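Remarks on the structure that follows.
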Amino acid sequence: MLARLLGATDAVARLGLAALLAVVAWTVISRAAYGLTGGAAELMLPGSIELASHALMITIMAALPRAAVGGLVRVEIFAARLPARLGRALERVWAAGFGLFAAIVAMLLADEGRLQWNRGDATQDLALPLGAVTGWAAVAAALVAVAALLHALARGRRDMHP
Amino acid sequence: ADASLSFAHFMPANSWQNTELFEAWAAEVEAQSGERIDVTVFPAQTLGKAPQGYDNARDGIADIAWTVQGYTAGRFPLSHIVELPGLFETAEVGSCAFQKLYDSGALDAEYADTHVLFVHTHGPGHLHTVSKPVTTLAELDGLQIRHPTVVIGGLLEELGAVPVGMPAPRIYESAERGTIDGFMLPWEAVAGFRADEVSDHHTEFGFYALAFVATMNKGAYERLPEDLKAVVDANSGMKWALIAGRGYDAGDVTGREKTLASGTLHQIEGDERAAWQAAADRAAAAYIASLDAQGLPGTETHEAVKGYVAECKAELGG
Amino acid sequence: MSPEQIGLAGMAALIGLIALGCPVGLAMIAVGAGGFAAVVGVEPALRILERGTLETVTNYSFTVIPLFILMGAMVARAGLSRDLFLAARRLTWRMRGGLAVAGLGASAAFAAVSGSSLATASTMTRVAYPEMRAHGYDARLSAGSLAAGGTLGIMIPPSVALLLYALITEQSVGTMFLAGVIPGLLGFALYAAAAMLAARAWRTGAEAGPEGSLGLALRRMLPVAVLFGLVMGGLYGGVFTPTEAGGAGAALALVLALGRGLGWRGFNEALAETAALSASLFVILIGAEVFGFFLSVSRLSFGMAAAVEAAGLTPLQVILAILVFYLVLGCFMESLAMILLSVPVFFPLVEAAGLDPVWFGILAVTTVEVGLITPPVGMNLFVVNAAAGELSLSQIWRGILPFVAADIVRLGLLVAFPALSLWLPHLFGG
Ligand code: NA
Ligand code: NA
């Protein structure tokens, strides 16, 4: 189950990153074309800065479940000397802690997203409904929480270092 | 101290806003409370990023926040009316009128979740272009121009420019790299963000004025004993709206001088002026109509602001 | 407890959690939120988790991070490392220890288009280590020079470490990159000197004969030169913002890699690797954001600045104390995490002492870079160990010593002569 979840979120993260690259590269190319043609070629994307920010958010939020499952930066040197059982227990504690963090973020984002949706808040350039953007972030955070909690409950130590 | 309050804003620690507005407010409140209130000012986004200022005050992350309402579109629709072109010429009058509008209760629904201390505006915002002089609508056509809020974005579209939304601190780099052809700012902010270094041409028209608010967490206000509430109340409303407005006007004078030392001033004359005015009027009318269409009292509030502007001009002798 | 006391307790908790193996970002998130709850209140503390997360993952300035990492990932797959090594070999074949110097030179050139130390070390080791061994090179010298060469990636721009420093201290990315050029080249020169001395001391084997013409060597360096020219030229020529430089660089690196047989699978791998590394950095960035709220309300930075002032420390003493701290910490901790963790704490001190933030950034990043090759925890040592596959870690530790000595000399020079870091940015009006 964890593997399928990670497979799906990884695919979204790769798409988000490719989209980020495409938006930024297109911005550079279209500006060059505009300059070279003396303003005749107007190929610029509207709201490209906003698009890039959204692509960043999709990339990172979708890559976080994988990070939550053993991809986080840590200092191993002291921890490696702890008794094995204590080490395993701590490993679960960190995973559960990250899951708790992600769950809190998911709930508060969902709450905020609902408020923004009801008020009709919109983004600056593209006038996208802000509630939908925040809502997507809430769903992604919930998936992070699920991945981290599944990891915390995983049975053997082998599962813990994929 | 009986109560300690945090005051968050996004201007740098060495800006006049930090010393003459926020630290001054803190000192006044502390003194009038007999040092029973202690206010700590957190400048330069050290207690929350600029676009989140309002929500940070709502949620108690900061007890008080000063911010720009327009960072999200559609949240303070009636407040944005004071940003529309052609209403007033100075930040003092704009701030006075905006504060009167707030005091009338017309905006209460927009600020229901915080305790507003004061509202104000900056002075008239002008058009600054990197390398192309702009005195006609034809010259503005197709240029990428930075704007602070959606209302001003609509105005730019009406004028034929391509609006690009971004917060003021990013203007310098974007103009330098050519990602924008120009930007809308009042003279005060051109100097404040060193944007005079990246723009050669300055078209003075008075397009808009940005709305600001200093607001307090409701719980933090309610928790104060009555006599301390009275101290905060005495430092809310018109008094500080006018101090802020005058600060921005003074900044406009020095900012204009500094900017024009290395740039060219352009005015819009004759028939062109009428065309620009017509475009600005269309943008304002379109915004008001969109409010009316949403069932908000757009026309009514716009008229009310005009009335307050006239009152303020009379009272302030402008 | 006063806010300052809560701040100190929070610091202790942070160090304890990290020592217990808690992920660095999670430790900062937990202590930041817990401390904020203690000073301000529980509900606002939960809200800063939400706000810190959303603000960080939607921050347009941060789009530059995955783009530069992606550029490095594409470059690593474009087969440029082998061409660089062959070209450098042609240029150094007369020198004693020439192959080691060639490895260092190729690493420096590779570093100029890769944002990352680890990518530089692992790619160059795979290419150069077998060649050096085949020519009878001492294993210690081979491994040591390649581990050290990898660290050049952190200073010679573009550099993810300098990028992160610029983003969290609000310095100009372009200025920080420019400031890294001379210290990076100085690092290469000192490493080359160390390699030649070590080659003499360890009586390493005969040098390889020249291979191919000088013209071929130069042609082999062309793609890297074009890529470096596009990114840095665009950045300083006033054409690109940092994000656009990263995007243009990643796009050109992709084209290069496609031209050299990068398939769909390699492209996907590069994307996945970039997303994973970015996400792990963003967790620390979120931690830094959350922890920053706590640092502000605890007023700990003010307190530390006041304590430094009261103790009458000179700015130089402040900077030396911080650098010693970094050297010690660098023995145990990963470089980017260390920058993200410590800079928010130290930066107010540095500003209060009136030190140049750009200079401090270069010193901090250099010191962190030394940490990559100091035992027991030196990431580059592990990477080379894995990529070379025949050495014990203790042999690699011996081999790295000349290069650690070279780094100490470099750090001394950078402290003594701030112009080494600041002259180039000033020249370009930064
Ligand atoms: Na580099
Ligand atoms: Na180390």
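Labels used: A, B, ... for chains in the order of the structure tokens, numbers from 1 for residues in each chain, and numbers from 1 for ligands as shown.
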Contacts of segment 146-151 of chain B within 7 Å, only C-alpha atoms, excl. fewer than 2 positions in-chain, as a PyMOL selection string: (chain A and resi 124) or (chain B and resi 70-71+73+144+153-155+163-167+180+182-184)
Counting only C-alpha atoms, which residues from chain B have an atom at most 12 Å from any atom of chain C, and could you show them as a ChimeraX atom specification? /B:4-8,12,40-53,55-63,166-167,169-180,198,217,219-220
Using only C-alpha atoms, which chain A residues lie at most 7 Å away from chain C, written as a VMD selection string? chain A and resid 13 to 14 17 21 24 to 25 28 49 52 to 54 56 to 57 59 to 60 63 to 64 67 71 to 79 94 98 105 108 to 109
Which chains and residue numbers are within 12 Å of ligand 2, counting only C-alpha atoms and all ligand atoms, if I want them as a VMD selection string? (chain A and resid 75 77) or (chain C and resid 147 to 148 151 326 to 335 338 367 to 382 397 400 404)
Counting only C-alpha atoms, a student should be able to say which residues of chain A come within 6 Å of chain B; what is the right answer, written as a list in words? Asp121, Ala122, Thr123, Gln124 and Asp125 of chain A
Give the residue list for ligand 1 at 8 Å, counting only C-alpha atoms and all ligand atoms, as a ChimeraX atom specification, sorted by chain and then by residue number. /C:110-117,152-160
Just N, CA and C atoms for this one: save the residues we selected as a PDB file, in the first residue's frame.
```pdb
ATOM      1  N   PHE C 110      33.997  20.527 -13.706  1.00  0.00           N
ATOM      2  CA  PHE C 110      32.677  19.911 -13.554  1.00  0.00           C
ATOM      3  C   PHE C 110      31.867  20.684 -12.526  1.00  0.00           C
ATOM      4  N   ALA C 111      32.570  21.100 -11.452  1.00  0.00           N
ATOM      5  CA  ALA C 111      31.908  21.866 -10.404  1.00  0.00           C
ATOM      6  C   ALA C 111      31.322  23.153 -10.958  1.00  0.00           C
ATOM      7  N   ALA C 112      31.966  23.681 -12.007  1.00  0.00           N
ATOM      8  CA  ALA C 112      31.503  24.943 -12.566  1.00  0.00           C
ATOM      9  C   ALA C 112      30.149  24.808 -13.253  1.00  0.00           C
ATOM     10  N   VAL C 113      29.695  23.599 -13.515  1.00  0.00           N
ATOM     11  CA  VAL C 113      28.350  23.453 -14.067  1.00  0.00           C
ATOM     12  C   VAL C 113      27.457  22.606 -13.175  1.00  0.00           C
ATOM     13  N   SER C 114      28.001  22.092 -12.090  1.00  0.00           N
ATOM     14  CA  SER C 114      27.193  21.272 -11.194  1.00  0.00           C
ATOM     15  C   SER C 114      27.055  22.021  -9.884  1.00  0.00           C
ATOM     16  N   GLY C 115      25.881  22.038  -9.322  1.00  0.00           N
ATOM     17  CA  GLY C 115      25.683  22.768  -8.084  1.00  0.00           C
ATOM     18  C   GLY C 115      26.124  21.995  -6.865  1.00  0.00           C
ATOM     19  N   SER C 116      26.538  20.753  -7.038  1.00  0.00           N
ATOM     20  CA  SER C 116      26.639  19.899  -5.871  1.00  0.00           C
ATOM     21  C   SER C 116      27.997  19.221  -5.738  1.00  0.00           C
ATOM     22  N   SER C 117      28.474  19.143  -4.513  1.00  0.00           N
ATOM     23  CA  SER C 117      29.728  18.478  -4.193  1.00  0.00           C
ATOM     24  C   SER C 117      29.636  16.984  -4.410  1.00  0.00           C
ATOM     25  N   LEU C 152      35.042  21.214  -4.437  1.00  0.00           N
ATOM     26  CA  LEU C 152      35.094  22.451  -5.229  1.00  0.00           C
ATOM     27  C   LEU C 152      33.711  22.813  -5.750  1.00  0.00           C
ATOM     28  N   GLY C 153      32.849  21.810  -5.890  1.00  0.00           N
ATOM     29  CA  GLY C 153      31.496  22.055  -6.395  1.00  0.00           C
ATOM     30  C   GLY C 153      30.678  22.954  -5.491  1.00  0.00           C
ATOM     31  N   ILE C 154      31.062  23.011  -4.222  1.00  0.00           N
ATOM     32  CA  ILE C 154      30.262  23.789  -3.282  1.00  0.00           C
ATOM     33  C   ILE C 154      30.609  25.264  -3.370  1.00  0.00           C
ATOM     34  N   MET C 155      31.798  25.601  -3.916  1.00  0.00           N
ATOM     35  CA  MET C 155      32.217  27.003  -3.933  1.00  0.00           C
ATOM     36  C   MET C 155      32.214  27.590  -5.341  1.00  0.00           C
ATOM     37  N   ILE C 156      32.748  26.825  -6.307  1.00  0.00           N
ATOM     38  CA  ILE C 156      32.771  27.350  -7.675  1.00  0.00           C
ATOM     39  C   ILE C 156      31.326  27.406  -8.167  1.00  0.00           C
ATOM     40  N   PRO C 157      30.856  28.592  -8.572  1.00  0.00           N
ATOM     41  CA  PRO C 157      29.447  28.711  -8.932  1.00  0.00           C
ATOM     42  C   PRO C 157      29.116  27.956 -10.215  1.00  0.00           C
ATOM     43  N   PRO C 158      27.865  27.576 -10.406  1.00  0.00           N
ATOM     44  CA  PRO C 158      26.756  27.698  -9.458  1.00  0.00           C
ATOM     45  C   PRO C 158      26.890  26.706  -8.308  1.00  0.00           C
ATOM     46  N   SER C 159      26.388  27.093  -7.146  1.00  0.00           N
ATOM     47  CA  SER C 159      26.537  26.273  -5.964  1.00  0.00           C
ATOM     48  C   SER C 159      25.258  26.301  -5.168  1.00  0.00           C
ATOM     49  N   VAL C 160      24.738  25.120  -4.862  1.00  0.00           N
ATOM     50  CA  VAL C 160      23.486  25.072  -4.102  1.00  0.00           C
ATOM     51  C   VAL C 160      23.694  25.634  -2.694  1.00  0.00           C
TER      52      VAL C 160
END
```
Would you list the contacts of Glu311 of chain B as a VMD selection string, taking every protein, DNA or RNA residue within 12 Å and counting only C-alpha atoms, but skipping same-chain residues closer than 2 positions in sequence? chain B and resid 88 93 to 94 96 to 98 100 to 101 304 to 309 313 to 318
